[in-house]
Amino acid sequence: MSKPIISRLTSLKRRKRLSPAWQVCLPLSAIVLLFWSVAAVAQDAAPSDPTAILTVGLDTVWVLICAFLVFFMNAGFCMLETGFCRQKNAVNILAKNLIVFALASIAYWAIGFGLMFGGENAFIGTTGWFLGGADNSPAIGKDYQGVFGALDWTGVPLFAKFLFQLVFAGTAATIVSGAVAERIKFVSFLIFSLILTGILYPITGHWIWGGGWLAKFGGDAGPGFWDFAGSTVVHSVGGWAALVGAAFLGPRLGRYSAAGATAMPGHNMSIATLGCLILWLGWFGFNPGSTMGVGDGSAISHIALTTNMAAAFGGVAATFTAWFYLGKPDLSMIVNGILAGLVGVTASCAFVSVPWAGVIGLIAGVIVVFAVTNIDRMKIDDPVGAISVHCVCGVWGTLAVGLFAEGPGKLYKEGLGPARGLVLGGGLTQMIPQVVGILAVAAFTLVTTAVVWTVIKVVAGLRVPEEEELKGLDIGEHGMEAYSGFLKEA
Amino acid sequence: MSKPIISRLTSLKRRKRLSPAWQVCLPLSAIVLLFWSVAAVAQDAAPSDPTAILTVGLDTVWVLICAFLVFFMNAGFCMLETGFCRQKNAVNILAKNLIVFALASIAYWAIGFGLMFGGENAFIGTTGWFLGGADNSPAIGKDYQGVFGALDWTGVPLFAKFLFQLVFAGTAATIVSGAVAERIKFVSFLIFSLILTGILYPITGHWIWGGGWLAKFGGDAGPGFWDFAGSTVVHSVGGWAALVGAAFLGPRLGRYSAAGATAMPGHNMSIATLGCLILWLGWFGFNPGSTMGVGDGSAISHIALTTNMAAAFGGVAATFTAWFYLGKPDLSMIVNGILAGLVGVTASCAFVSVPWAGVIGLIAGVIVVFAVTNIDRMKIDDPVGAISVHCVCGVWGTLAVGLFAEGPGKLYKEGLGPARGLVLGGGLTQMIPQVVGILAVAAFTLVTTAVVWTVIKVVAGLRVPEEEELKGLDIGEHGMEAYSGFLKEA
Amino acid sequence: MSKPIISRLTSLKRRKRLSPAWQVCLPLSAIVLLFWSVAAVAQDAAPSDPTAILTVGLDTVWVLICAFLVFFMNAGFCMLETGFCRQKNAVNILAKNLIVFALASIAYWAIGFGLMFGGENAFIGTTGWFLGGADNSPAIGKDYQGVFGALDWTGVPLFAKFLFQLVFAGTAATIVSGAVAERIKFVSFLIFSLILTGILYPITGHWIWGGGWLAKFGGDAGPGFWDFAGSTVVHSVGGWAALVGAAFLGPRLGRYSAAGATAMPGHNMSIATLGCLILWLGWFGFNPGSTMGVGDGSAISHIALTTNMAAAFGGVAATFTAWFYLGKPDLSMIVNGILAGLVGVTASCAFVSVPWAGVIGLIAGVIVVFAVTNIDRMKIDDPVGAISVHCVCGVWGTLAVGLFAEGPGKLYKEGLGPARGLVLGGGLTQMIPQVVGILAVAAFTLVTTAVVWTVIKVVAGLRVPEEEELKGLDIGEHGMEAYSGFLKEA
């Protein structure tokens with residue numbers, strides 16, 4: 001516990017600044033109070049024969065451990081974003097990344113999971129608040145009876161399903177955190193995160209993973225929109241929200257001037273690199289875990305390998321792409337190249353062969369270098385490259401399904417999966433829903449987050465005062481500094 | 001390898017300071033030599049039919065992976081405590097946290113596990129030194145024949161049982177580390193840790209998890225004392241020991257004066273936050289792993305979710321509690337709030353519903369803010385807030401079982417578990433043993449650790465010399481500094 | 001994304017320095033292009049009955065999770081090596097450790113895995129490039145039909161086998177990284193890593209794990225050479241390569257002079273300690289995962305425990321050994337002692353009892369202190385102690401099999417494993433193949449890496465220019481610094 005607090009705690013003076021706290025606290029309290037009138041205890045139907053119990057047990061172990069790995073991506077994003085920013089704002093970024101998963105847990109539990117998976121409506125979930133409502137998981141398929149029918153394909157307890165989905169929702173919010181870093185008001189970020197994880201992310205998620213209109217695109221015989229582990233559902237949603245946030249906020253003071261762009265180098269490459277490796281680790285839960293079951297082990301092995309190869313090719317491609325243009329192998333480009341490969345393969349990891357996964361990663365690694373350059377040229381200030389990695393490569397990854405998928409039943413589960421991809425001779429059958437899905441999710445997220453950012457701007461303000469930004473948000477927003485005892489440049 | 005050592009190694013001068021090394025080395029050697037006359041190779045009874053083998057295999061995988069996650073909490077505590085202290089003492093805190101688990105491994109293997117689980121005595125284990133003695137794990141229940149009967153309910157090999165219990169014992173010692181940081185002699189901390197993990201922790205652990213008098217409180221028909229994953233067994237024991245240690249040591253130089261308390265801010269919030277996230281991750285092994293088996297997956301899913309929701313509510317509650325009083329959302333309070341929620345739900349995670357887990361976490365998050373304040377007012381100097389988090393919230397968590405437990409057979413295992421809690425209309429049935437257990441463990445730990453700290457003080461001294469403390473323990477105790485090459489404040 | 005890049009990216013000037021990038025890119029491209037003509041999609045034979053599916057599923061989950069843990073050792077090595085070096089070279093070390101696993105993934109996929117496990121030749125694999133060729137995994141034993149017959153004992157899908165072997169190959173390369181740190185050219189390290197993981201490591205690996213001549217040493221009735229998880233295959237190979245690299249490079253400027261050795265202390269003990277704990281965690285995947293299956297859980301429990309006890313005794317032994325000679329418990333010696341214990345027990349973890357594992361670790365912890373001293377006396381400059389830990393203790397660990405193994409069928413799998421060790425009364429039966437294996441692998445690796453380092457020296461140069469080394473490799477090689485905003489010593 002940092003000590004400045006204690007003395008201030010002791011003084012017990014309630015300041016005028018209480019209002020921001022209330023601003024977050026009120027909607028949060030409303031959500032939680034709503035609970036007591038709605039929630040019912042979920043009931044799991046226990047299987048009886050030993051083999052069935054073992055199957056459910058093994059699948060649950062797999063889903064939980066993968067959920068833990070994805071949870072740990074919070075540490076990855078936290079270290080990555082903090083390291084890539086300046087030390088005077090480190091506490092602020094750490095605090096944002098730490099509290100955002102706590103807030104997401106509450107919001108997604110209260111309403112997000114219900115909006116995403118509750119009921120049969122094509123556009124929005126309508127039931128299942130606070131994990132309430134009927135549910136006889138781990139029963140699957142026709143045996144399943146309950147309100148979360150869109151998840152009836154995985155034979156694990158409801159709480160395991162929820163926890164796995166929750167850690168994905170948390171990821172979407174942390175993506176935004178990086179792009180708006182070093183200038184956003186703490187309270188405004190908290191409000192936005194609550195709305196994103198509680199409402200916006202679940203709605204587009206419902207379209208795709210919740211049995212909504214995109215999942216069923218083309219009707220019963222149609223190909224449907226496919227996004228295995230969330231290039232669109234998680235990454236591009238987070239990325240679009242980040243884009244709007246960064247655009248609304250404007251660049252950091254001094255970032256762009258008539259003389260051109262000014263570099264604002266990150267303060268701690270060690271923790272940024274650690275963050276990248278934690279994220280790579282976490283992706284082994286993110287993608288293979290999205291099977292939400294083990295089966296005969298072939299799908300999870302395949303996905304683990306496609307995931308790894310895309311990361312490897314993405315990292316190498318970005319390294320050399322940057323090297324060619326800069327004459328130097330830039331560390332932050334290696335980091336972003338790896339992440340680009342990972343985001344790129346997320347939608348298709350279960351549906352493409354290992355070599356094509358490498359190609360997808362390689363192209364993502366090249367794309368991300370130019371995306372960073374061009375977003376910077378547009379004077380959209382994204383301190384950590386989040387828009388390039390998650391939005392641009394998320395879109396690329398979603399298209400890649402339509403380009404490289406092997407076709408139904410070839411790799412993942414009999415008869416399931418996207419149609420054969422364009423490059424493999426499958427024509428545009430799968431490309432069409434992929435493009436429609438990308439556009440629909442982009443449109444929805446751009447419009448709704450623009451509205452939300454606007455409302456927050458009016459109600460609470462988006463940006464810290466100029467003097468606070470110059471001095472650093474750590475003192476202004478949190479009253480402490482990250483590296484006490486070290487001498488820093490003025 | 002830091003280079004100052006080599007030149008000094010080369011000089012090969014034996015210094016007079018050898019004595020502290022010997023002080024730790026002798027008891028350690030005694031323990032190890034004791035081994036050769038006692039130990040026998042444990043024998044596992046292999047199951048034969050395929051389903052039984054699969055069940056044991058799956059349970060073992062689960063227990064081991066959870067043990068690995070709990071082991072990783074050493075990294076969490078290490079980063080948390082180091083980051084919250086000053087840079088001049090960083091090497092010392094790192095070294096303490098690194099070596100303490102190695103020492104705990106040896107002490108707990110030699111005598112701790114035997115004291116905790118060996119034999120049937122109500123107050124203390126009497127056999128099973130060095131994992132010796134009969135044991136036919138993974139046989140369970142009536143089929144089990146061996147000296148560790150208190151663990152006959154989990155069907156995994158003995159070595160898996162041991163490893164899981166060992167990582168818990170290690171946690172108790174690392175809790176102390178934070179509270180006594182920045183002024184304790186290295187050798188004195190090592191001796192204390194050996195005794196805590198080898199003797200004291202196992203004895204109270206025996207009362208509760210080893211089939212001792214608290215487990216059987218009230219007789220065969222009685223409710224018994226319940227602490228599912230260690231709010232009392234691990235956290236409050238570590239916390240009470242930390243309290244006595246901090247009190248005996250006295251505050252850091254300059255911490256309190258006539259003018260009031262002086263802040264001594266931590267030097268690295270980045271690694272402290274990382275530490276918090278690693279601990280949160282580790283808790284997914286700590287609590288769900290305490291099932292020591294998978295079953296149909298429902299218990300481990302339930303526990304993973306209650307654990308997460310308590311952490312989330314704890315973090316949010318502490319954030320806003322601190323925000324109201326300080327006007328600022330303090331990062332170290334977010335960190336401690338999350339940990340408070342986790343400690344708070346540890347005793348009851350298997351026995352309470354998800355909403356009540358949130359309430360338990362929420363209350364813990366509020367409690368921890370005031371605990372930190374009041375312990376500081378009492379001029380007990382706890383640099384990282386360990387007493388507030390582990391002792392105070394450990395007590396709260398143990399009480400929470402008596403308040404919110406659903407009742408036997410409702411959530412965890414048919415017919416097992418605590419009686420229905422007070423708030424749910426169960427009366428004081430479960431509250432009584434919980435209060436008795438809290439008081440008994442507190443009394444035992446306070447008295448015995450006071451004796452141990454006193455003996456160490458007489459024999460080896462507790463506190464580094466004043467000039468060493470002012471200069472930093474890194475140079476004085478270890479002859480090196482943590483951040484060579486950086487300029488620091490004088 | 002660090003910002004200096006963007007402005008330079010924008011300028012789009014191709015520099016003369018492009019050549020180093022091409023130097024790595026061309027062999028890499030050649031490898032990848034080779035692919036399209038060779039690779040065939042691997043086909044897994046799916047088991048059909050529920051119990052068989054569950055067994056394969058559980059084994060796959062175990063192998064994958066262990067692979068993830070070993071993958072995470074990249075983060076461990078990255079933090080350890082970076083922390084033990086000076087801050088002016090931090091970006092360089094981070095970049096090396098990050099990209100090296102990406103390169104290893106590509107090289108090992110393209111040719112390494114085939115060289116190590118493809119076909120029946122006694123000296124080198126001859127098939128299986130790009131995971132191509134027949135394979136009906138997870139079929140085992142006589143049911144297995146394919147080109148990777150040396151791995152027919154583990155019943156998991158081919159891709160799981162590959163991923164697990166890949167993360168081991170990656171480890172070998174990261175070991176070298178530490179010993180050559182702070183003076184090697186980035187491009188030269190990349191080329192060496194490609195060759196080590198793609199060609200050299202797989203060849204000696206083939207001799208031992210690929211069914212080659214060392215595995216069959218002594219003929220059908222012979223004892224064979226045994227190295228359970230890679231004391232020789234991984235650690236001493238990496239260590240010998242590191243030794244040759246450090247010797248070829250020569251010491252860092254100013255390290256040794258007529259006046260003696262000059263200390264060059266590491267810049268960040270916090271991340272170095274974190275790295276050590278991540279490595280310890282990773283070893284729980286490295287050793288127990290090398291069973292590549294779960295069975296009845298007894299082997300993996302046993303191995304997890306021997307691994308932990310060796311680490312504990314190694315850490316304690318090194319601490320006190322250093323304390324006796326220095327008068328101070330040196331943190332870097334605690335770190336290296338733990339790693340020494342882990343490397344030491346790697347070969348024998350499945351074959352020795354828990355007490356002997358402790359002894360192996362204890363001796364490794366003593367050895368590493370003197371190894372560091374003596375390697376320094378020989379003026380071989382190894383900034384992180386990699387040669388002492390991985391090469392010297394790798395050799396020790398391989399010998400330990402011949403000294404302490406319980407004998408076939410006693411611990412691991414019926415009838416399999418090394419002959420009874422010398423100390424346990426088994427004579428020299430097992431010692432002979434162990435010594436032969438150590439010498440053969442040492443000779444091969446020393447000669448071939450000497451050739452490779454020589455060729456690289458001629459073609460691309462080994463060492464950065466003197467002025468760049470003095471200024472730090474971060475600016476010279478990467479155009480950025482690791483800790484922007486902090487004031488550093490001149």
# chains A, B, ... in the order shown; residues from 1 in each chain; ligands from 1
>>> interface_residues(of="chain B", to="chain A", cutoff="7 Å", atoms="only C-alpha atoms", output="short mmCIF file (atom, residue, chain, number, x, y, z; two decimals) with C-alpha atoms, in the first residue's frame")
data_model
loop_
_atom_site.label_atom_id
_atom_site.label_comp_id
_atom_site.auth_asym_id
_atom_site.auth_seq_id
_atom_site.Cartn_x
_atom_site.Cartn_y
_atom_site.Cartn_z
CA THR B 55 -10.66 -40.64 -13.14
CA LEU B 58 -7.95 -36.43 -14.67
CA PHE B 84 5.18 -1.58 -2.90
CA GLN B 87 13.98 0.56 -4.47
CA ALA B 261 2.94 9.47 9.63
CA ALA B 263 4.49 8.34 3.41
CA MET B 264 7.03 5.88 2.02
CA PRO B 265 5.68 5.22 -1.45
CA GLY B 266 6.48 2.04 -3.33
CA HIS B 267 9.03 2.22 -6.11
CA ASN B 268 7.46 0.21 -8.91
CA MET B 269 3.71 0.19 -9.41
CA SER B 270 4.05 -1.71 -12.69
CA THR B 273 0.07 -4.45 -10.45
CA LEU B 274 1.49 -7.40 -12.33
CA LEU B 277 -2.90 -10.03 -11.54
CA LEU B 281 -4.64 -15.99 -11.61
CA VAL B 294 -12.92 -32.78 -10.85
CA GLY B 295 -16.09 -34.83 -10.48
CA ASP B 296 -18.71 -33.65 -12.94
CA GLY B 297 -17.12 -30.23 -13.18
CA SER B 298 -19.89 -28.41 -11.36
CA SER B 301 -16.93 -24.17 -12.16
CA HIS B 302 -18.92 -22.84 -9.26
CA LEU B 305 -16.94 -18.12 -10.54
CA MET B 309 -16.89 -12.33 -8.57
CA ALA B 312 -14.28 -8.12 -8.89
CA PHE B 313 -16.58 -6.75 -6.19
CA GLY B 315 -11.69 -4.35 -6.28
CA VAL B 316 -14.60 -2.12 -7.21
CA PHE B 320 -14.88 3.61 -4.62
CA TRP B 323 -12.27 7.44 -3.92
CA PHE B 324 -14.93 8.78 -1.56
CA TYR B 325 -12.42 9.48 1.18
CA LEU B 326 -9.45 10.58 -0.87
CA GLY B 327 -11.06 12.14 -3.88
CA LYS B 328 -8.81 9.88 -5.95
CA PRO B 329 -8.96 6.25 -7.04
CA ASP B 330 -5.77 4.96 -5.50
CA LEU B 331 -4.02 2.15 -7.38
CA SER B 332 -2.73 0.42 -4.27
CA MET B 333 -6.28 0.36 -2.91
CA THR B 373 -6.07 3.12 7.95
CA PRO B 383 4.56 -1.63 4.07
CA VAL B 384 2.32 -3.67 1.77
CA GLY B 385 -0.94 -3.95 3.70
CA LEU B 487 19.92 7.58 -11.13
CA LYS B 488 17.95 7.65 -7.90
CA GLU B 489 16.90 10.29 -5.43
#
>>> residues_around(residues="Trp209 (chain A)", least_positions_apart="5", cutoff="9 Å", atoms="only C-alpha atoms", output="PyMOL selection string")
chain A and resi 116-117+150-151+204+214-215+226-228+233
>>> select_by_dssp(residues="region 195-433 of chain B", states="alpha helix (DSSP H)", output="number ranges by chain")
B: 195, 201-208, 237-249, 269-286, 298-326, 331-346, 354-377, 386, 393-404, 431-433
>>> residues_around(residues="Trp396 (chain C)", least_positions_apart="4", cutoff="8 Å", atoms="only C-alpha atoms", output="ChimeraX atom specification")
/C:344,364,392,400
>>> residues_around(residues="region 423-431 of chain B", least_positions_apart="4", cutoff="8 Å", atoms="only C-alpha atoms", output="JSON, numbers by chain")
{"B": [223, 224, 225, 399, 401, 402, 403, 404, 405, 406, 418, 419, 435]}
>>> write_last_selection(atoms="C-alpha atoms", output="PDB file, in the first residue's frame")
ATOM      1  CA  PRO B 223     -21.332 -28.742  12.344  1.00  0.00           C
ATOM      2  CA  GLY B 224     -17.525 -28.683  12.508  1.00  0.00           C
ATOM      3  CA  PHE B 225     -15.387 -25.695  11.599  1.00  0.00           C
ATOM      4  CA  LEU B 399     -17.132 -15.593   9.464  1.00  0.00           C
ATOM      5  CA  VAL B 401     -19.136 -19.128   5.992  1.00  0.00           C
ATOM      6  CA  GLY B 402     -21.334 -18.862   9.076  1.00  0.00           C
ATOM      7  CA  LEU B 403     -23.314 -16.033   7.518  1.00  0.00           C
ATOM      8  CA  PHE B 404     -23.942 -17.029   3.916  1.00  0.00           C
ATOM      9  CA  ALA B 405     -23.413 -20.775   3.486  1.00  0.00           C
ATOM     10  CA  GLU B 406     -26.271 -22.444   1.600  1.00  0.00           C
ATOM     11  CA  PRO B 418     -21.195 -26.173   6.710  1.00  0.00           C
ATOM     12  CA  ALA B 419     -24.646 -25.643   8.157  1.00  0.00           C
ATOM     13  CA  VAL B 435     -15.840 -17.932  15.875  1.00  0.00           C
TER      14      VAL B 435
END
>>> residues_around(residues="Ala134 (chain A)", least_positions_apart="2", cutoff="7 Å", atoms="only C-alpha atoms", output="list in words")
Ala42, Gly132, Asn136, Gly146 and Val147 of chain A
>>> residues_around(residues="Ile438 (chain C)", least_positions_apart="4", cutoff="9 Å", atoms="only C-alpha atoms", output="PyMOL selection string")
chain C and resi 232+236+395+398-399+433-434+442-443
>>> write_last_selection(atoms="all heavy atoms", output="PDB file, in the first residue's frame")
ATOM      1  N   THR C 232      20.727 -33.179 -21.311  1.00  0.00           N
ATOM      2  CA  THR C 232      21.680 -33.151 -22.427  1.00  0.00           C
ATOM      3  C   THR C 232      21.027 -32.622 -23.689  1.00  0.00           C
ATOM      4  O   THR C 232      21.532 -31.684 -24.314  1.00  0.00           O
ATOM      5  CB  THR C 232      22.255 -34.556 -22.684  1.00  0.00           C
ATOM      6  OG1 THR C 232      23.234 -34.830 -21.691  1.00  0.00           O
ATOM      7  CG2 THR C 232      22.895 -34.649 -24.063  1.00  0.00           C
ATOM      8  N   SER C 236      22.402 -29.000 -22.222  1.00  0.00           N
ATOM      9  CA  SER C 236      23.836 -28.961 -22.489  1.00  0.00           C
ATOM     10  C   SER C 236      24.096 -28.613 -23.951  1.00  0.00           C
ATOM     11  O   SER C 236      25.097 -27.963 -24.250  1.00  0.00           O
ATOM     12  CB  SER C 236      24.512 -30.265 -22.054  1.00  0.00           C
ATOM     13  OG  SER C 236      24.336 -31.274 -22.984  1.00  0.00           O
ATOM     14  N   VAL C 395      25.417 -31.426 -17.849  1.00  0.00           N
ATOM     15  CA  VAL C 395      26.315 -32.587 -17.797  1.00  0.00           C
ATOM     16  C   VAL C 395      26.141 -33.325 -16.471  1.00  0.00           C
ATOM     17  O   VAL C 395      25.996 -34.553 -16.435  1.00  0.00           O
ATOM     18  CB  VAL C 395      27.780 -32.147 -17.997  1.00  0.00           C
ATOM     19  CG1 VAL C 395      28.731 -33.275 -17.645  1.00  0.00           C
ATOM     20  CG2 VAL C 395      27.998 -31.672 -19.421  1.00  0.00           C
ATOM     21  N   THR C 398      22.992 -35.336 -16.408  1.00  0.00           N
ATOM     22  CA  THR C 398      23.042 -36.544 -17.241  1.00  0.00           C
ATOM     23  C   THR C 398      23.805 -37.659 -16.527  1.00  0.00           C
ATOM     24  O   THR C 398      23.421 -38.830 -16.574  1.00  0.00           O
ATOM     25  CB  THR C 398      23.698 -36.196 -18.589  1.00  0.00           C
ATOM     26  OG1 THR C 398      23.062 -35.034 -19.117  1.00  0.00           O
ATOM     27  CG2 THR C 398      23.559 -37.350 -19.569  1.00  0.00           C
ATOM     28  N   LEU C 399      24.891 -37.286 -15.852  1.00  0.00           N
ATOM     29  CA  LEU C 399      25.621 -38.261 -15.033  1.00  0.00           C
ATOM     30  C   LEU C 399      24.757 -38.784 -13.886  1.00  0.00           C
ATOM     31  O   LEU C 399      24.838 -39.960 -13.505  1.00  0.00           O
ATOM     32  CB  LEU C 399      26.878 -37.626 -14.443  1.00  0.00           C
ATOM     33  CG  LEU C 399      28.022 -37.357 -15.411  1.00  0.00           C
ATOM     34  CD1 LEU C 399      29.131 -36.598 -14.697  1.00  0.00           C
ATOM     35  CD2 LEU C 399      28.558 -38.661 -16.003  1.00  0.00           C
ATOM     36  N   PRO C 433      27.000 -45.564 -20.878  1.00  0.00           N
ATOM     37  CA  PRO C 433      26.303 -44.829 -21.947  1.00  0.00           C
ATOM     38  C   PRO C 433      26.116 -43.349 -21.629  1.00  0.00           C
ATOM     39  O   PRO C 433      26.146 -42.514 -22.542  1.00  0.00           O
ATOM     40  CB  PRO C 433      24.946 -45.540 -22.060  1.00  0.00           C
ATOM     41  CG  PRO C 433      24.832 -46.411 -20.869  1.00  0.00           C
ATOM     42  CD  PRO C 433      26.206 -46.715 -20.392  1.00  0.00           C
ATOM     43  N   GLN C 434      25.932 -43.014 -20.341  1.00  0.00           N
ATOM     44  CA  GLN C 434      25.750 -41.595 -20.013  1.00  0.00           C
ATOM     45  C   GLN C 434      26.997 -40.799 -20.377  1.00  0.00           C
ATOM     46  O   GLN C 434      26.907 -39.714 -20.964  1.00  0.00           O
ATOM     47  CB  GLN C 434      25.437 -41.415 -18.516  1.00  0.00           C
ATOM     48  CG  GLN C 434      24.168 -42.108 -18.012  1.00  0.00           C
ATOM     49  CD  GLN C 434      22.902 -41.754 -18.765  1.00  0.00           C
ATOM     50  OE1 GLN C 434      22.384 -42.539 -19.538  1.00  0.00           O
ATOM     51  NE2 GLN C 434      22.425 -40.538 -18.559  1.00  0.00           N
ATOM     52  N   ALA C 442      28.678 -33.348 -26.769  1.00  0.00           N
ATOM     53  CA  ALA C 442      29.596 -32.220 -26.604  1.00  0.00           C
ATOM     54  C   ALA C 442      30.471 -32.056 -27.835  1.00  0.00           C
ATOM     55  O   ALA C 442      30.620 -30.948 -28.369  1.00  0.00           O
ATOM     56  CB  ALA C 442      30.457 -32.416 -25.356  1.00  0.00           C
ATOM     57  N   ALA C 443      31.058 -33.158 -28.292  1.00  0.00           N
ATOM     58  CA  ALA C 443      31.958 -33.083 -29.442  1.00  0.00           C
ATOM     59  C   ALA C 443      31.221 -32.555 -30.665  1.00  0.00           C
ATOM     60  O   ALA C 443      31.681 -31.619 -31.341  1.00  0.00           O
ATOM     61  CB  ALA C 443      32.544 -34.463 -29.725  1.00  0.00           C
TER      62      ALA C 443
END
>>> atom_distance(atom1="CA of Val244 (chain C)", atom2="CA of Val452 (chain C)")
10.1 Å
>>> select_by_dssp(residues="region 104-287 of chain B", states="strand (DSSP E or B)", output="PyMOL selection string")
chain B and resi 135+146+184+256-257+260-261
>>> write_last_selection(atoms="all heavy atoms", output="PDB file, in the first residue's frame")
ATOM      1  N   ASP B 135       0.960 -45.801   2.773  1.00  0.00           N
ATOM      2  CA  ASP B 135       0.006 -44.985   2.035  1.00  0.00           C
ATOM      3  C   ASP B 135      -0.362 -45.710   0.754  1.00  0.00           C
ATOM      4  O   ASP B 135       0.519 -46.102  -0.005  1.00  0.00           O
ATOM      5  CB  ASP B 135       0.614 -43.626   1.681  1.00  0.00           C
ATOM      6  CG  ASP B 135      -0.374 -42.770   0.920  1.00  0.00           C
ATOM      7  OD1 ASP B 135      -1.197 -42.097   1.565  1.00  0.00           O
ATOM      8  OD2 ASP B 135      -0.351 -42.791  -0.330  1.00  0.00           O
ATOM      9  N   GLY B 146      -3.422 -46.102   5.319  1.00  0.00           N
ATOM     10  CA  GLY B 146      -2.166 -45.385   5.413  1.00  0.00           C
ATOM     11  C   GLY B 146      -2.212 -44.375   6.535  1.00  0.00           C
ATOM     12  O   GLY B 146      -3.176 -44.322   7.316  1.00  0.00           O
ATOM     13  N   ILE B 184      13.872  -6.056   8.357  1.00  0.00           N
ATOM     14  CA  ILE B 184      14.219  -7.299   9.036  1.00  0.00           C
ATOM     15  C   ILE B 184      15.548  -7.843   8.496  1.00  0.00           C
ATOM     16  O   ILE B 184      15.880  -7.663   7.332  1.00  0.00           O
ATOM     17  CB  ILE B 184      13.106  -8.352   8.856  1.00  0.00           C
ATOM     18  CG1 ILE B 184      13.254  -9.469   9.889  1.00  0.00           C
ATOM     19  CG2 ILE B 184      13.103  -8.902   7.438  1.00  0.00           C
ATOM     20  CD1 ILE B 184      12.074 -10.424   9.926  1.00  0.00           C
ATOM     21  N   TYR B 256       6.971   7.093  11.506  1.00  0.00           N
ATOM     22  CA  TYR B 256       6.074   7.847  12.391  1.00  0.00           C
ATOM     23  C   TYR B 256       6.901   8.812  13.225  1.00  0.00           C
ATOM     24  O   TYR B 256       7.950   8.462  13.743  1.00  0.00           O
ATOM     25  CB  TYR B 256       5.307   6.905  13.321  1.00  0.00           C
ATOM     26  CG  TYR B 256       4.508   5.848  12.594  1.00  0.00           C
ATOM     27  CD1 TYR B 256       4.917   4.532  12.593  1.00  0.00           C
ATOM     28  CD2 TYR B 256       3.335   6.186  11.913  1.00  0.00           C
ATOM     29  CE1 TYR B 256       4.193   3.552  11.938  1.00  0.00           C
ATOM     30  CE2 TYR B 256       2.611   5.215  11.245  1.00  0.00           C
ATOM     31  CZ  TYR B 256       3.034   3.903  11.257  1.00  0.00           C
ATOM     32  OH  TYR B 256       2.318   2.950  10.598  1.00  0.00           O
ATOM     33  N   SER B 257       6.412  10.012  13.344  1.00  0.00           N
ATOM     34  CA  SER B 257       7.080  10.976  14.211  1.00  0.00           C
ATOM     35  C   SER B 257       6.005  11.783  14.926  1.00  0.00           C
ATOM     36  O   SER B 257       4.808  11.555  14.732  1.00  0.00           O
ATOM     37  CB  SER B 257       7.973  11.893  13.373  1.00  0.00           C
ATOM     38  OG  SER B 257       7.156  12.658  12.513  1.00  0.00           O
ATOM     39  N   GLY B 260       3.389  13.138  12.806  1.00  0.00           N
ATOM     40  CA  GLY B 260       2.442  12.251  12.120  1.00  0.00           C
ATOM     41  C   GLY B 260       3.159  11.222  11.266  1.00  0.00           C
ATOM     42  O   GLY B 260       4.373  11.075  11.339  1.00  0.00           O
ATOM     43  N   ALA B 261       2.369  10.521  10.472  1.00  0.00           N
ATOM     44  CA  ALA B 261       2.937   9.468   9.634  1.00  0.00           C
ATOM     45  C   ALA B 261       3.541  10.057   8.366  1.00  0.00           C
ATOM     46  O   ALA B 261       3.005  11.005   7.798  1.00  0.00           O
ATOM     47  CB  ALA B 261       1.866   8.452   9.285  1.00  0.00           C
TER      48      ALA B 261
END
